[in-house]
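> I'm passing along upload.cif; it holds mmCIF, C-alpha atoms and all ligand atoms.
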data_structure
loop_
_atom_site.label_atom_id
_atom_site.label_comp_id
_atom_site.auth_asym_id
_atom_site.auth_seq_id
_atom_site.Cartn_x
_atom_site.Cartn_y
_atom_site.Cartn_z
CA MET A 1 94.84 132.85 173.29
CA CYS A 2 98.59 133.16 173.94
CA PHE A 3 99.41 136.59 175.32
CA GLY A 4 103.20 136.70 175.77
CA PRO A 5 105.10 139.32 173.79
CA PRO A 6 106.23 138.01 170.41
CA SER A 7 109.99 137.71 170.04
CA PRO A 8 110.55 137.97 166.29
CA LYS A 9 114.00 136.40 166.29
CA MET A 10 112.74 133.16 167.84
CA GLU A 11 109.26 132.74 166.51
CA LYS A 12 107.78 132.58 163.06
CA SER A 13 104.11 132.55 163.97
CA ARG A 14 101.49 132.35 166.68
CA SER A 15 98.05 130.84 166.74
CA SER A 16 95.12 131.30 169.09
CA THR A 17 94.25 128.59 171.60
CA ARG A 18 91.34 128.18 173.99
CA ILE A 19 92.35 127.19 177.53
CA PRO A 20 89.32 126.32 179.71
CA TYR A 21 89.51 127.02 183.47
CA ARG A 22 87.13 125.20 185.81
CA LEU A 23 86.00 127.51 188.62
CA ASP A 24 85.00 126.22 192.03
CA LYS A 25 82.70 129.16 192.59
CA ALA A 26 81.69 130.59 189.24
CA ASP A 27 79.62 133.36 190.84
CA SER A 28 82.39 134.53 193.19
CA ALA A 29 83.22 138.25 193.13
CA ASP A 30 86.85 137.20 192.64
CA VAL A 31 86.14 135.98 189.10
CA PRO A 32 85.65 139.37 187.39
CA ALA A 33 88.58 140.76 189.42
CA TRP A 34 90.80 137.88 188.25
CA ILE A 35 89.71 138.37 184.61
CA GLU A 36 90.39 142.09 184.86
CA LYS A 37 93.84 141.47 186.34
CA LEU A 38 94.67 139.00 183.57
CA LEU A 39 93.53 141.39 180.84
CA SER A 40 95.36 144.31 182.33
CA ARG A 41 98.56 142.24 182.51
CA ALA A 42 98.07 141.27 178.87
CA TYR A 43 97.20 144.67 177.44
CA GLY A 44 98.81 147.21 179.75
CA SER A 45 97.73 150.65 178.59
CA SER A 46 96.80 149.41 175.12
CA GLN A 47 93.16 149.70 174.07
CA ARG A 48 91.25 146.40 174.22
CA GLN A 49 88.77 145.16 171.63
CA LYS A 50 89.82 147.69 169.04
CA ARG A 51 87.33 148.53 166.29
CA ILE A 52 89.23 147.76 163.12
CA LYS A 53 88.55 148.49 159.47
CA VAL A 54 90.52 145.73 157.75
CA LEU A 55 91.60 146.35 154.15
CA ILE A 56 92.86 143.37 152.16
CA ASN A 57 94.76 143.81 148.90
CA PRO A 58 94.10 140.49 147.15
CA PHE A 59 96.98 141.21 144.74
CA GLY A 60 99.57 142.19 147.38
CA GLY A 61 102.88 140.31 147.38
CA GLN A 62 102.49 136.93 145.75
CA GLY A 63 98.70 137.23 145.70
CA SER A 64 98.06 135.36 148.92
CA ALA A 65 96.83 138.19 151.20
CA LEU A 66 93.31 136.79 151.51
CA LYS A 67 94.57 133.35 152.48
CA LEU A 68 97.07 134.85 154.95
CA TYR A 69 94.30 136.90 156.48
CA ASN A 70 91.88 133.99 156.86
CA THR A 71 94.48 131.54 158.16
CA HIS A 72 96.85 133.60 160.30
CA ILE A 73 95.32 136.99 161.08
CA ALA A 74 91.54 136.71 161.46
CA PRO A 75 91.65 134.00 164.21
CA ILE A 76 93.89 136.20 166.38
CA LEU A 77 91.82 139.36 165.89
CA ALA A 78 88.67 137.33 166.62
CA ALA A 79 90.14 135.74 169.77
CA ALA A 80 90.93 139.24 171.05
CA ARG A 81 87.30 140.18 170.32
CA CYS A 82 88.23 143.03 168.05
CA GLU A 83 85.29 144.47 166.13
CA LEU A 84 86.04 143.86 162.48
CA ASP A 85 84.79 145.33 159.23
CA VAL A 86 86.62 143.66 156.35
CA GLU A 87 86.85 145.03 152.81
CA LYS A 88 88.93 143.96 149.81
CA THR A 89 90.55 146.65 147.68
CA GLN A 90 89.17 146.36 144.15
CA TYR A 91 91.58 148.48 142.13
CA ARG A 92 94.64 150.74 142.38
CA GLY A 93 93.73 153.83 144.38
CA HIS A 94 90.75 152.19 146.12
CA GLY A 95 92.51 152.58 149.49
CA VAL A 96 92.54 156.37 148.97
CA GLU A 97 88.79 156.42 148.32
CA ILE A 98 87.95 154.18 151.28
CA ALA A 99 89.96 156.38 153.66
CA GLN A 100 88.41 159.56 152.21
CA LYS A 101 84.88 158.30 152.91
CA LEU A 102 85.58 156.42 156.14
CA ASP A 103 83.25 157.11 159.07
CA ILE A 104 86.03 157.88 161.52
CA ASP A 105 83.72 157.68 164.53
CA LYS A 106 83.09 153.98 163.82
CA TYR A 107 86.72 152.83 163.97
CA ASP A 108 89.88 153.09 166.05
CA VAL A 109 92.21 151.46 163.55
CA VAL A 110 92.64 150.86 159.83
CA ALA A 111 94.71 147.70 159.39
CA CYS A 112 96.06 147.01 155.91
CA CYS A 113 96.62 143.36 154.92
CA SER A 114 98.95 144.34 152.13
CA GLY A 115 102.42 145.65 151.41
CA ASP A 116 103.35 149.27 152.11
CA GLY A 117 101.26 150.42 149.13
CA ILE A 118 97.86 150.37 150.85
CA PRO A 119 99.01 152.28 153.98
CA HIS A 120 100.44 154.90 151.57
CA GLU A 121 97.01 155.13 149.93
CA VAL A 122 95.18 155.30 153.27
CA TRP A 123 97.41 158.11 154.60
CA ASN A 124 96.72 160.04 151.41
CA GLY A 125 92.97 159.37 151.56
CA LEU A 126 92.85 160.63 155.15
CA GLY A 127 94.95 163.62 154.11
CA LYS A 128 92.47 164.61 151.37
CA ARG A 129 89.55 164.94 153.80
CA GLN A 130 88.23 168.28 154.99
CA ASP A 131 88.78 167.01 158.53
CA ALA A 132 92.23 165.61 157.68
CA ALA A 133 93.88 166.72 160.93
CA LYS A 134 91.20 165.05 163.03
CA ALA A 135 91.08 161.90 160.91
CA LEU A 136 94.86 161.47 161.03
CA GLU A 137 94.80 161.83 164.80
CA LYS A 138 91.73 159.65 165.43
CA ILE A 139 92.50 156.70 163.15
CA ALA A 140 95.60 154.66 163.96
CA LEU A 141 97.10 152.93 160.95
CA ALA A 142 98.59 149.43 161.10
CA GLN A 143 99.99 147.05 158.54
CA LEU A 144 99.42 143.32 158.66
CA PRO A 145 102.22 142.12 156.38
CA CYS A 146 100.84 140.48 153.23
CA GLY A 147 102.88 142.23 150.52
CA SER A 148 106.37 142.07 149.14
CA GLY A 149 107.42 145.32 150.87
CA ASN A 150 106.35 145.15 154.54
CA ALA A 151 108.51 147.86 156.10
CA MET A 152 105.73 149.42 158.15
CA SER A 153 105.09 146.15 159.98
CA LEU A 154 108.79 145.47 160.52
CA ASN A 155 109.25 148.88 162.13
CA LEU A 156 106.12 148.98 164.27
CA ASN A 157 105.15 145.34 164.88
CA GLY A 158 108.72 144.05 164.86
CA THR A 159 107.92 141.29 162.42
CA ASP A 160 106.84 140.41 158.89
CA SER A 161 104.94 137.37 160.11
CA PRO A 162 101.19 137.96 159.65
CA SER A 163 100.15 136.21 162.88
CA LEU A 164 102.80 137.90 165.05
CA ALA A 165 101.84 141.22 163.50
CA ALA A 166 98.17 140.54 164.29
CA LEU A 167 99.08 139.97 167.94
CA ALA A 168 101.18 143.16 167.94
CA VAL A 169 98.20 145.08 166.55
CA VAL A 170 95.84 143.60 169.14
CA LYS A 171 98.18 144.88 171.84
CA GLY A 172 99.60 147.89 169.97
CA HIS A 173 99.89 151.35 171.53
CA ARG A 174 98.66 154.46 169.77
CA THR A 175 101.79 156.34 168.74
CA PRO A 176 102.16 159.72 167.00
CA GLU A 177 103.95 159.36 163.69
CA ASP A 178 105.46 162.09 161.54
CA LEU A 179 104.17 162.39 158.00
CA VAL A 180 105.96 164.10 155.14
CA SER A 181 104.38 166.39 152.54
CA VAL A 182 105.95 165.89 149.13
CA THR A 183 105.17 168.49 146.49
CA GLN A 184 105.88 167.77 142.85
CA GLY A 185 104.42 169.69 139.91
CA ASP A 186 101.04 170.84 141.22
CA ARG A 187 100.55 167.81 143.43
CA ARG A 188 100.92 167.39 147.18
CA MET A 189 101.06 163.90 148.62
CA LEU A 190 101.83 162.38 151.99
CA SER A 191 104.75 160.03 152.50
CA PHE A 192 105.23 157.91 155.62
CA LEU A 193 108.17 155.70 154.76
CA SER A 194 110.83 156.92 152.33
CA GLN A 195 111.77 158.97 149.32
CA SER A 196 114.57 157.86 147.05
CA VAL A 197 116.25 159.05 143.89
CA GLY A 198 118.77 156.93 142.03
CA ILE A 199 119.92 153.49 143.00
CA VAL A 200 117.38 152.64 145.70
CA ALA A 201 114.46 153.94 143.65
CA GLU A 202 115.66 151.94 140.68
CA THR A 203 116.09 148.83 142.82
CA ASP A 204 112.59 149.16 144.13
CA LEU A 205 110.81 150.05 140.93
CA ALA A 206 112.78 148.32 138.20
CA THR A 207 112.48 144.87 139.80
CA GLU A 208 108.73 144.38 139.42
CA HIS A 209 109.44 141.40 137.15
CA LEU A 210 111.18 139.70 140.12
CA ARG A 211 108.04 139.85 142.30
CA TRP A 212 108.15 136.03 142.59
CA MET A 213 111.28 136.40 144.75
CA GLY A 214 109.32 138.07 147.58
CA SER A 215 111.36 140.58 149.59
CA ALA A 216 114.62 139.10 148.23
CA ARG A 217 114.00 141.09 145.04
CA PHE A 218 115.09 144.27 146.83
CA THR A 219 118.38 142.74 148.02
CA TRP A 220 119.13 141.28 144.62
CA GLY A 221 118.21 144.47 142.75
CA PHE A 222 120.40 146.59 145.01
CA LEU A 223 123.35 144.25 144.73
CA VAL A 224 123.31 144.27 140.94
CA ARG A 225 123.14 148.09 140.69
CA PHE A 226 125.57 148.94 143.44
CA LEU A 227 128.50 147.50 141.58
CA ARG A 228 127.86 149.61 138.46
CA LYS A 229 128.80 152.90 140.21
CA THR A 230 126.14 154.83 138.30
CA SER A 231 125.75 158.49 139.26
CA TYR A 232 122.44 160.32 139.48
CA PRO A 233 123.37 164.05 139.38
CA ALA A 234 121.09 166.53 141.14
CA ASP A 235 121.00 169.91 142.87
CA ILE A 236 119.92 169.58 146.49
CA ALA A 237 118.96 172.01 149.26
CA VAL A 238 118.34 170.76 152.81
CA LYS A 239 117.03 172.18 156.08
CA VAL A 240 119.39 170.39 158.45
CA GLU A 241 118.34 169.70 162.07
CA TYR A 242 121.20 167.41 163.18
CA ALA A 243 124.32 167.73 161.07
CA THR A 244 126.79 165.25 162.58
CA LYS A 245 126.59 161.59 163.52
CA GLU A 246 127.55 162.48 167.07
CA GLU A 247 124.59 164.87 167.40
CA ILE A 248 122.30 162.28 165.84
CA ARG A 249 123.46 159.56 168.21
CA ASN A 250 122.90 161.82 171.22
CA ALA A 251 119.43 162.80 170.03
CA TYR A 252 118.51 159.17 169.44
CA ARG A 253 119.75 158.04 172.84
CA ALA A 254 117.91 160.85 174.61
CA ALA A 255 114.67 159.82 172.89
CA ALA A 256 115.24 156.12 173.60
CA ALA A 257 115.80 156.84 177.28
CA ASN A 258 112.42 158.57 177.57
CA PRO A 259 109.77 155.97 178.39
CA PRO A 260 106.53 156.25 176.42
CA ARG A 261 104.28 158.94 177.76
CA THR A 262 100.70 158.07 178.60
CA PRO A 263 98.87 160.05 175.94
CA LYS A 264 96.99 162.99 177.42
CA LYS A 265 93.30 163.06 176.62
CA GLN A 266 92.96 166.18 174.53
CA PRO A 267 90.08 167.33 172.38
CA LEU A 268 90.49 166.19 168.78
CA GLN A 269 91.35 168.69 166.07
CA ALA A 270 88.54 170.86 164.68
CA ALA A 271 86.35 169.19 162.05
CA ASP A 272 87.35 171.78 159.44
CA ALA A 273 91.14 171.57 159.98
CA GLY A 274 92.74 170.06 156.90
CA LEU A 275 96.43 169.33 156.36
CA PRO A 276 98.85 171.80 157.97
CA ASP A 277 100.14 174.66 155.82
CA LEU A 278 103.52 174.15 154.17
CA LYS A 279 106.17 176.09 156.10
CA TYR A 280 108.52 176.22 153.13
CA GLY A 281 105.98 176.42 150.30
CA THR A 282 106.00 174.00 147.39
CA VAL A 283 108.63 172.96 144.90
CA ASN A 284 107.29 175.69 142.58
CA ASP A 285 108.01 178.50 145.07
CA PRO A 286 111.35 180.33 145.26
CA LEU A 287 113.85 178.52 147.46
CA PRO A 288 113.51 179.67 151.13
CA ASP A 289 116.15 182.34 151.93
CA SER A 290 118.08 180.20 154.39
CA TRP A 291 118.42 177.26 151.95
CA THR A 292 121.25 176.83 149.44
CA LEU A 293 121.13 174.59 146.37
CA VAL A 294 124.28 172.50 146.31
CA PRO A 295 125.29 170.69 143.11
CA HIS A 296 125.74 166.92 143.62
CA ASP A 297 127.28 165.92 140.28
CA GLN A 298 128.51 162.58 141.57
CA LEU A 299 125.47 161.52 143.58
CA GLY A 300 125.19 157.75 143.92
CA ASN A 301 122.44 157.40 146.47
CA PHE A 302 119.87 159.85 147.80
CA TYR A 303 117.66 158.13 150.33
CA ALA A 304 115.43 159.80 152.91
CA GLY A 305 113.70 157.59 155.48
CA LYS A 306 110.97 158.19 158.05
CA MET A 307 111.26 154.64 159.42
CA ALA A 308 114.29 152.45 160.14
CA TYR A 309 113.84 149.09 158.38
CA MET A 310 113.23 149.26 154.65
CA SER A 311 113.20 145.46 154.32
CA PRO A 312 113.89 142.60 156.79
CA ASP A 313 117.69 142.79 156.64
CA ALA A 314 118.00 146.47 155.79
CA ASN A 315 117.97 148.76 158.82
CA PHE A 316 118.95 151.69 156.59
CA PHE A 317 117.96 154.43 159.03
CA PRO A 318 118.87 153.16 162.52
CA ALA A 319 118.50 156.64 164.04
CA ALA A 320 114.95 157.16 162.72
CA LEU A 321 112.37 158.08 165.36
CA PRO A 322 108.58 158.03 164.92
CA SER A 323 107.94 161.65 165.84
CA ASP A 324 111.13 163.71 166.07
CA GLY A 325 109.99 165.95 163.21
CA CYS A 326 112.91 164.74 161.07
CA LEU A 327 113.68 162.61 158.06
CA ASP A 328 116.96 160.72 158.18
CA LEU A 329 118.83 161.50 154.98
CA ILE A 330 121.57 159.31 153.52
CA ARG A 331 123.76 160.49 150.67
CA VAL A 332 126.59 158.45 149.16
CA ARG A 333 128.83 159.58 146.30
CA ALA A 334 128.94 157.45 143.15
CA ASP A 335 132.68 157.85 142.64
CA ILE A 336 133.88 156.15 145.83
CA ASP A 337 136.17 153.20 145.16
CA ARG A 338 134.79 149.73 144.67
CA ARG A 339 135.96 148.50 148.07
CA ALA A 340 134.14 151.34 149.86
CA ASN A 341 131.09 150.57 147.73
CA ILE A 342 131.10 146.91 148.72
CA ALA A 343 131.63 147.90 152.37
CA CYS A 344 128.43 149.96 152.17
CA MET A 345 126.53 147.04 150.73
CA LEU A 346 127.70 144.62 153.42
CA ALA A 347 127.20 147.19 156.16
CA VAL A 348 123.46 147.42 155.50
CA ALA A 349 122.86 143.81 156.56
CA ASP A 350 125.36 144.11 159.45
CA ASN A 351 123.72 147.26 160.76
CA LYS A 352 126.94 149.26 160.39
CA LEU A 353 126.04 151.62 157.54
CA PHE A 354 125.53 154.61 159.85
CA ASP A 355 129.17 154.60 161.02
CA LEU A 356 130.84 154.36 157.62
CA PRO A 357 132.76 157.56 156.75
CA GLN A 358 131.67 157.39 153.11
CA VAL A 359 128.01 157.58 154.20
CA ASP A 360 126.70 161.11 154.75
CA TYR A 361 123.87 160.78 157.32
CA GLN A 362 121.93 163.80 158.58
CA LYS A 363 118.58 164.54 160.11
CA VAL A 364 116.63 167.11 158.10
CA SER A 365 113.16 168.61 158.40
CA ALA A 366 112.80 169.59 154.74
CA TYR A 367 114.64 169.45 151.43
CA ARG A 368 114.38 170.08 147.69
CA ILE A 369 115.98 167.88 145.05
CA ILE A 370 116.27 168.77 141.36
CA PRO A 371 117.60 165.87 139.23
CA LYS A 372 119.72 167.06 136.30
CA ASN A 373 121.60 165.84 133.20
CA GLN A 374 119.43 162.71 132.90
CA LYS A 375 116.61 162.19 130.39
CA ASP A 376 114.68 159.87 132.62
CA GLY A 377 115.06 157.98 135.86
CA TYR A 378 113.35 156.66 138.93
CA ILE A 379 111.95 158.48 141.93
CA SER A 380 110.23 156.41 144.57
CA ILE A 381 107.92 157.77 147.26
CA ASP A 382 107.05 155.01 149.75
CA GLY A 383 107.88 152.49 147.03
CA GLU A 384 105.53 154.07 144.46
CA ARG A 385 106.96 155.52 141.26
CA VAL A 386 106.36 159.23 140.67
CA PRO A 387 107.40 161.34 137.63
CA PHE A 388 111.12 162.05 137.23
CA GLU A 389 110.79 165.73 138.18
CA PRO A 390 112.05 167.99 141.00
CA PHE A 391 110.26 167.61 144.32
CA GLN A 392 110.29 169.13 147.78
CA ALA A 393 109.64 167.39 151.09
CA GLU A 394 108.64 168.79 154.49
CA VAL A 395 108.05 166.85 157.72
CA HIS A 396 104.92 167.37 159.84
CA LYS A 397 105.74 166.35 163.38
CA GLY A 398 103.32 163.77 164.80
CA LEU A 399 100.63 164.44 162.19
CA GLY A 400 99.63 160.79 161.85
CA THR A 401 98.90 157.97 164.29
CA VAL A 402 100.08 154.36 164.17
CA LEU A 403 99.95 151.35 166.44
CA SER A 404 103.34 150.28 167.76
CA ARG A 405 104.69 147.83 170.30
CA LYS A 406 107.02 150.31 172.00
CA GLY A 407 104.96 153.49 171.86
CA HIS A 408 107.88 155.81 171.06
CA LEU A 409 110.54 153.88 169.13
CA PHE A 410 110.81 151.70 166.07
CA GLU A 411 111.74 148.04 166.43
CA ALA A 412 115.12 148.29 164.71
CA LYS A 413 118.38 148.41 166.64
CA GLY A 414 119.18 152.10 167.07
CA VAL A 415 122.45 154.01 167.22
N1 LIG B 501 92.28 144.83 143.49
C1 LIG B 501 93.39 145.42 143.06
N2 LIG B 501 93.80 145.28 141.77
C2 LIG B 501 94.94 145.84 141.33
N3 LIG B 501 95.77 146.59 142.10
C3 LIG B 501 95.42 146.76 143.38
C4 LIG B 501 94.23 146.18 143.94
N4 LIG B 501 94.15 146.51 145.24
C5 LIG B 501 95.25 147.28 145.50
N5 LIG B 501 96.00 147.42 144.39
C6 LIG B 501 97.30 148.14 144.24
O1 LIG B 501 98.38 147.27 144.54
C7 LIG B 501 99.53 148.08 144.82
C8 LIG B 501 100.55 147.31 145.66
O2 LIG B 501 100.00 147.01 146.86
P1 LIG B 501 100.75 146.45 148.16
O3 LIG B 501 101.70 147.41 148.66
O4 LIG B 501 99.68 145.94 149.00
O5 LIG B 501 101.53 145.16 147.64
P2 LIG B 501 103.05 144.83 147.46
O6 LIG B 501 103.11 143.42 147.01
O7 LIG B 501 103.89 145.13 148.62
O8 LIG B 501 103.40 145.74 146.28
P3 LIG B 501 104.61 146.68 146.07
O9 LIG B 501 105.79 145.81 146.24
O10 LIG B 501 104.38 147.17 144.67
O11 LIG B 501 104.45 147.77 147.10
C9 LIG B 501 98.97 149.32 145.46
O12 LIG B 501 99.48 150.45 144.80
C10 LIG B 501 97.46 149.23 145.25
O13 LIG B 501 96.91 150.41 144.72
#
What's the structure tokens form of this structure?
Ligand SMILES: Nc1ncnc2c1ncn2[C@@H]1O[C@H](COP(=O)(O)OP(=O)(O)OP(=O)(O)O)[C@@H](O)[C@H]1O

Amino acid sequence: MCFGPPSPKMEKSRSSTRIPYRLDKADSADVPAWIEKLLSRAYGSSQRQKRIKVLINPFGGQGSALKLYNTHIAPILAAARCELDVEKTQYRGHGVEIAQKLDIDKYDVVACCSGDGIPHEVWNGLGKRQDAAKALEKIALAQLPCGSGNAMSLNLNGTDSPSLAALAVVKGHRTPEDLVSVTQGDRRMLSFLSQSVGIVAETDLATEHLRWMGSARFTWGFLVRFLRKTSYPADIAVKVEYATKEEIRNAYRAAAANPPRTPKKQPLQAADAGLPDLKYGTVNDPLPDSWTLVPHDQLGNFYAGKMAYMSPDANFFPAALPSDGCLDLIRVRADIDRRANIACMLAVADNKLFDLPQVDYQKVSAYRIIPKNQKDGYISIDGERVPFEPFQAEVHKGLGTVLSRKGHLFEAKGV
């Protein structure tokens, strides 16, 4: 098997290969030492022979997840001698049930051969357990990209190629990952990727009929809507952690300069510890004293991200960090002139959105948004549509665990 690090820009895929070595003295004591040296060079501090529960969504993306798994993913996981238990999801919500009932002592990793929808379900299934805190710490989540939205793999594996992602998972490092509680009505759900109201939500959710385009449907949908200058009025309150781009840049650079820590062996959370309490209550509680609701009558884009890439050419949140306890929040007014609007659109692909003056970019640890003056609209949580009602979000620092190549940063170019 090839063991060099994948370089996503140059390669599209990898395959496993057997290279036989003839030994002069097969029983020499040097042989195990040589094998150990080779493996330790290949894996570093990453766990070898991971025990993986593989979930395949046969309807993910263009319906080819099973074929992608058999052709590009399974041979690599098998060559690395991972222990595999493969299950196909049978219906919407099945990922939640599987995660709720999972024997967490039997596995190290749940790897989702899907889009971002199945990881969203698995996080929520783990979060519903009585031992949620322990399960979220013990089980590392990974995505093997087989859907139309593969942001999780882009951010953590550095690729949307199934075989390169499989190799990244084989060699991935356990990494703490913030999760976000979203309360809406009487519900509480976990979000790991993004929350959007307005243009981005609409782009994501109103383009289902363009599924045949693959990930290009997001780019196309965004382009079409951006030029209409539609506003999505709302009242918004935020708990700001880093208010200016300068502060954000400094915080990002400080985190990037810190090499990954070797995780300390600590006892797992108690078996009866569920999800953490909500520091700021739910959307139904009175607004916390230190928060102020600010009217946003000309809101064009409200987009909160917990990861950097939202699609292959859209590094929307370049300052996002896996476990800084913050969501990166972008707000853009709807009434900016057309030239500024187009500049925003082009800047996403050029990785320059962060610096544009018309883009309000902050790091927040919680917020509430109350859409107003609209009969109906789109709200997207991790790409899933939820009712068009007020909601509140709160970040839980390092609550979840993922596998990542870097151990403390996403793969996108930072700030
Ligand atoms: N067997 C099944 N039949 C129907 N729906 C399923 C099945 N298995 C999973 N699903 C649902 O498919 C949805 C989309 O899954 P996934 O994210 O894997 O694909 P995707 O192509 O990226 O889709 P999307 O772009 O909508 O996120 C999930 O919400 C999941 O509940």
> Please identify the residues whose atoms come within 6 Å of ligand LIG 501 (chain B), using all atoms listed in the file, and report them as JSON, numbers by chain.
{"A": [57, 58, 59, 60, 61, 89, 90, 91, 92, 93, 114, 115, 116, 117, 118, 147, 148, 149, 383]}
> Would you export the selected residues with C-alpha atoms as a PDB file, in the frame of the given file, please?

ATOM      1  CA  ASN A  57      94.760 143.810 148.900  1.00  0.00           C
ATOM      2  CA  PRO A  58      94.100 140.490 147.150  1.00  0.00           C
ATOM      3  CA  PHE A  59      96.980 141.210 144.740  1.00  0.00           C
ATOM      4  CA  GLY A  60      99.570 142.190 147.380  1.00  0.00           C
ATOM      5  CA  GLY A  61     102.880 140.310 147.380  1.00  0.00           C
ATOM      6  CA  THR A  89      90.550 146.650 147.680  1.00  0.00           C
ATOM      7  CA  GLN A  90      89.170 146.360 144.150  1.00  0.00           C
ATOM      8  CA  TYR A  91      91.580 148.480 142.130  1.00  0.00           C
ATOM      9  CA  ARG A  92      94.640 150.740 142.380  1.00  0.00           C
ATOM     10  CA  GLY A  93      93.730 153.830 144.380  1.00  0.00           C
ATOM     11  CA  SER A 114      98.950 144.340 152.130  1.00  0.00           C
ATOM     12  CA  GLY A 115     102.420 145.650 151.410  1.00  0.00           C
ATOM     13  CA  ASP A 116     103.350 149.270 152.110  1.00  0.00           C
ATOM     14  CA  GLY A 117     101.260 150.420 149.130  1.00  0.00           C
ATOM     15  CA  ILE A 118      97.860 150.370 150.850  1.00  0.00           C
ATOM     16  CA  GLY A 147     102.880 142.230 150.520  1.00  0.00           C
ATOM     17  CA  SER A 148     106.370 142.070 149.140  1.00  0.00           C
ATOM     18  CA  GLY A 149     107.420 145.320 150.870  1.00  0.00           C
ATOM     19  CA  GLY A 383     107.880 152.490 147.030  1.00  0.00           C
TER      20      GLY A 383
END
> Between A:Pro75, A:Gly300, A:Gly127, A:Gly400, which is the closest to Ala234 (chain A) once you count all atoms listed in the file?
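Checking each of A:Pro75, A:Gly300, A:Gly127, A:Gly400 against Ala234 (chain A), counting all atoms listed in the file, the winner is A:Gly300.
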> Mind checking which residues fall within 8 Å of region 365-368 of chain A, counting only C-alpha atoms, ignoring those fewer than 3 positions away in the same chain, and posting them as a list of chain:residue names?
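Everything that qualifies: A:Ile236, A:Ala237, A:Val238, A:Lys239, A:Val240, A:Glu241, A:Val283, A:Gly325, A:Cys326, A:Leu327, A:Pro390, A:Phe391, A:Gln392, A:Ala393, A:Glu394, A:Val395.
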> Pick the closest to Asp376 (chain A) from A:Pro318, A:Gly281, A:Gly63, A:Gly198: which is it, counting only C-alpha atoms?
A:Gly198
> By how many Å are CA of Ala273 (chain A) and CA of Val54 (chain A) apart?
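So the answer is 25.9 Å.
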> What is the distance, in Å and to one decimal place, between CA of Ile98 (chain A) and CA of Val122 (chain A)?
7.6 Å
> Could you tell me how far CA of Lys363 (chain A) lies from CA of Thr244 (chain A), in Å and to one decimal?
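Between CA of Lys363 (chain A) and CA of Thr244 (chain A) the gap works out to 8.6 Å.
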> Might you pull out every residue within 7 Å of Gly407 (chain A), with all atoms listed in the file counted and same-chain residues fewer than 3 positions away left off, and present them as a VMD selection string?
chain A and resid 173 to 175 260 404
